[in-house]
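K.L.:
Submitted below is the structure of interest, expressed as structure tokens.
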Amino acid sequence: KPGGLKVVQPTPTGPAPVPFVYKKEAFRMRKEDGPGMYSMCVGMCGVGPALFWLTVLLCALWKHHKDSGCNVSLWSWLAGSACVFGIKVGAHLVKMVSDAPDLSASGVEICLSCIIMLTGCFLLGWEIYGVLLYGEADGDVCTLKTWTLLTLIINPFIAIMTIATMIIAQVAILPPAFFNAIQDSDSE
């Protein structure tokens, strides 16, 4: 052709060049695929502080599980705190893997959100009960009094950190959720 442009014809000895074709399905996370690695990583970062604190509480409980005296009530209070954080972590993890992000709420997600909210409310009352137990405990006899004080101080911070990191995680997951919602509306 004039101007130096040459049309290249495929030869029988080699494959023809394949042009790039944009496929929407390549970028869409389908509901059948589950939440995906992105939302799993974001969810683990969100629940990380509570998971770490749960591990610390379980180690403290294991270390002092044979103590007696006034430690029984403090040990039970620490065990209750560990249970609350265990429920919160479990609910967050189940919520994280339940479905692909899509800006909608299923019945399971609503139920898990209610469980997380109720454990947060219970933790507030449990903290008040812990303050009463701490005040009644004798520091010379009760070796768990220091752990109780640390737990009374750290529990609210971990709860707030978990809320903050979950908000950050939700903001980070918003773009794929928005993209999936648009894709779902386009396919209908």
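Order determines the names: the first chain of the structure tokens is A, the second B, and so forth; residues in each chain are numbered 1 upward, and ligands are numbered 1 upward as they are shown.
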Mind checking which residues fall within 6 Å of segment 115-121 of chain A, counting only C-alpha atoms, ignoring those fewer than 3 positions away in the same chain, and posting them as a PyMOL selection string?
P.N.:
chain A and resi 88+112+124
K.L.:
In Å, how far is it from atom CA of Phe85 of chain A to atom CA of Thr151 of chain A?
P.N.:
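Atom-to-atom, atom CA of Phe85 of chain A and atom CA of Thr151 of chain A are spaced 11.8 Å apart.
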K.L.:
Using only C-alpha atoms, pick whichever of A:Val72, A:Val171, A:Ile87, A:Val94 has the shortest atom-to-atom distance to Ala50 of chain A.
P.N.:
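Smallest separation from Ala50 of chain A among the options: A:Ile87.
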K.L.:
Restricting the calculation to only C-alpha atoms, which member of A:Ala169, A:Ala82, A:Ile154, A:Leu74 is positioned closest to Val141 of chain A?
P.N.:
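Ranked by minimum distance to Val141 of chain A, first place goes to A:Leu74.
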K.L.:
Please provide the set of residues having any atom within 8 Å of Leu57 of chain A, restricted to only C-alpha atoms, with same-chain residues fewer than 4 positions apart removed, written as an mmCIF file with C-alpha atoms, in the first residue's frame.
P.N.:
data_model
loop_
_atom_site.group_PDB
_atom_site.id
_atom_site.type_symbol
_atom_site.label_atom_id
_atom_site.label_comp_id
_atom_site.auth_asym_id
_atom_site.auth_seq_id
_atom_site.Cartn_x
_atom_site.Cartn_y
_atom_site.Cartn_z
ATOM 1 C CA TRP A 53 -6.261 -9.715 71.855
ATOM 2 C CA LEU A 61 -6.226 -17.938 80.890
ATOM 3 C CA LEU A 78 -11.275 -12.980 81.893
ATOM 4 C CA ALA A 79 -12.812 -16.097 80.319
ATOM 5 C CA SER A 81 -14.003 -11.389 78.004
ATOM 6 C CA ALA A 82 -12.279 -13.997 75.843
#
K.L.:
Excluding segment 127-140 of chain A and its own-chain neighbours fewer than 6 positions away, which residues fall within 10 Å of it when counting only C-alpha atoms? Please give them as number ranges by chain.
P.N.:
A: 70-71, 73-74, 77-78, 80-81, 146-149, 151-153, 155-156
K.L.:
Identify which of the residues A:Cys142, A:Val97, A:Gly86, A:Leu123 lies closest to Pro49 of chain A, counting only C-alpha atoms when measuring atom-to-atom distances.
P.N.:
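Going through A:Cys142, A:Val97, A:Gly86, A:Leu123 one by one, the smallest distance to Pro49 of chain A is for A:Gly86.
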K.L.:
Expressed in Å to a single decimal, how great is the separation between atom CA of Met161 of chain A and atom CA of Trp126 of chain A?
P.N.:
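Rounded to one decimal, the two atoms are 18.2 Å apart.
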K.L.:
Which of segment 68-147 of chain A counts as helix (DSSP H, G or I) under DSSP, as a ChimeraX atom specification please?
P.N.:
/A:71-98,107-136,145-147
K.L.:
Write to file, as a PDB file, in the first residue's frame, the residues of the selection just made, with C-alpha atoms.
P.N.:
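So part.pdb came out as:
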ATOM      1  CA  ASN A  71      -8.692 -15.769  91.240  1.00  0.00           C
ATOM      2  CA  VAL A  72     -11.670 -17.962  90.325  1.00  0.00           C
ATOM      3  CA  SER A  73     -13.975 -14.968  89.881  1.00  0.00           C
ATOM      4  CA  LEU A  74     -11.295 -12.951  88.075  1.00  0.00           C
ATOM      5  CA  TRP A  75     -10.420 -15.959  85.906  1.00  0.00           C
ATOM      6  CA  SER A  76     -14.107 -16.370  85.046  1.00  0.00           C
ATOM      7  CA  TRP A  77     -14.324 -12.691  84.167  1.00  0.00           C
ATOM      8  CA  LEU A  78     -11.275 -12.980  81.893  1.00  0.00           C
ATOM      9  CA  ALA A  79     -12.812 -16.097  80.319  1.00  0.00           C
ATOM     10  CA  GLY A  80     -16.015 -14.144  79.693  1.00  0.00           C
ATOM     11  CA  SER A  81     -14.003 -11.389  78.004  1.00  0.00           C
ATOM     12  CA  ALA A  82     -12.279 -13.997  75.843  1.00  0.00           C
ATOM     13  CA  CYS A  83     -15.668 -15.484  74.911  1.00  0.00           C
ATOM     14  CA  VAL A  84     -17.009 -12.065  73.903  1.00  0.00           C
ATOM     15  CA  PHE A  85     -14.000 -11.403  71.694  1.00  0.00           C
ATOM     16  CA  GLY A  86     -14.189 -14.965  70.345  1.00  0.00           C
ATOM     17  CA  ILE A  87     -17.800 -14.403  69.296  1.00  0.00           C
ATOM     18  CA  LYS A  88     -16.895 -11.069  67.717  1.00  0.00           C
ATOM     19  CA  VAL A  89     -13.964 -12.578  65.804  1.00  0.00           C
ATOM     20  CA  GLY A  90     -16.011 -15.590  64.695  1.00  0.00           C
ATOM     21  CA  ALA A  91     -18.907 -13.441  63.504  1.00  0.00           C
ATOM     22  CA  HIS A  92     -16.566 -11.130  61.591  1.00  0.00           C
ATOM     23  CA  LEU A  93     -14.828 -14.091  59.956  1.00  0.00           C
ATOM     24  CA  VAL A  94     -18.104 -15.758  58.946  1.00  0.00           C
ATOM     25  CA  LYS A  95     -19.390 -12.428  57.629  1.00  0.00           C
ATOM     26  CA  MET A  96     -16.150 -11.974  55.685  1.00  0.00           C
ATOM     27  CA  VAL A  97     -16.411 -15.323  53.873  1.00  0.00           C
ATOM     28  CA  SER A  98     -20.194 -15.428  53.505  1.00  0.00           C
ATOM     29  CA  GLY A 107     -30.235 -12.290  56.077  1.00  0.00           C
ATOM     30  CA  VAL A 108     -27.032 -13.965  57.272  1.00  0.00           C
ATOM     31  CA  GLU A 109     -25.107 -10.687  57.105  1.00  0.00           C
ATOM     32  CA  ILE A 110     -27.823  -8.870  59.045  1.00  0.00           C
ATOM     33  CA  CYS A 111     -27.892 -11.604  61.700  1.00  0.00           C
ATOM     34  CA  LEU A 112     -24.101 -11.536  62.057  1.00  0.00           C
ATOM     35  CA  SER A 113     -24.120  -7.737  62.321  1.00  0.00           C
ATOM     36  CA  CYS A 114     -26.712  -7.986  65.108  1.00  0.00           C
ATOM     37  CA  ILE A 115     -24.565 -10.563  66.926  1.00  0.00           C
ATOM     38  CA  ILE A 116     -21.519  -8.282  66.668  1.00  0.00           C
ATOM     39  CA  MET A 117     -23.552  -5.334  67.947  1.00  0.00           C
ATOM     40  CA  LEU A 118     -24.994  -7.336  70.857  1.00  0.00           C
ATOM     41  CA  THR A 119     -21.562  -8.589  71.907  1.00  0.00           C
ATOM     42  CA  GLY A 120     -20.344  -4.991  71.907  1.00  0.00           C
ATOM     43  CA  CYS A 121     -23.222  -3.984  74.183  1.00  0.00           C
ATOM     44  CA  PHE A 122     -22.593  -6.988  76.416  1.00  0.00           C
ATOM     45  CA  LEU A 123     -18.903  -6.042  76.613  1.00  0.00           C
ATOM     46  CA  LEU A 124     -19.885  -2.650  78.046  1.00  0.00           C
ATOM     47  CA  GLY A 125     -21.831  -4.276  80.888  1.00  0.00           C
ATOM     48  CA  TRP A 126     -19.101  -6.889  81.329  1.00  0.00           C
ATOM     49  CA  GLU A 127     -16.539  -4.099  81.789  1.00  0.00           C
ATOM     50  CA  ILE A 128     -18.638  -2.594  84.598  1.00  0.00           C
ATOM     51  CA  TYR A 129     -18.864  -6.000  86.262  1.00  0.00           C
ATOM     52  CA  GLY A 130     -15.073  -6.374  85.873  1.00  0.00           C
ATOM     53  CA  VAL A 131     -14.495  -3.039  87.631  1.00  0.00           C
ATOM     54  CA  LEU A 132     -16.575  -4.311  90.560  1.00  0.00           C
ATOM     55  CA  LEU A 133     -14.589  -7.577  90.704  1.00  0.00           C
ATOM     56  CA  TYR A 134     -11.311  -5.701  90.479  1.00  0.00           C
ATOM     57  CA  GLY A 135     -12.294  -3.441  93.366  1.00  0.00           C
ATOM     58  CA  GLU A 136     -13.157  -6.399  95.593  1.00  0.00           C
ATOM     59  CA  LYS A 145      -5.585  -8.669  89.585  1.00  0.00           C
ATOM     60  CA  THR A 146      -2.939  -7.213  87.244  1.00  0.00           C
ATOM     61  CA  TRP A 147      -4.357  -9.142  84.264  1.00  0.00           C
TER      62      TRP A 147
END
K.L.:
Which is closest to Ala60 of chain A among A:Val47, A:Leu150, A:Ala105, A:Met40, if we use only C-alpha atoms?
P.N.:
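For Ala60 of chain A, the nearest of the given residues is A:Leu150.
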K.L.:
Find the distance between atom CA of Pro175 of chain A and atom CA of Cys45 of chain A and write it in Å to one decimal.
P.N.:
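Rounded to one decimal, the two atoms are 17.0 Å apart.
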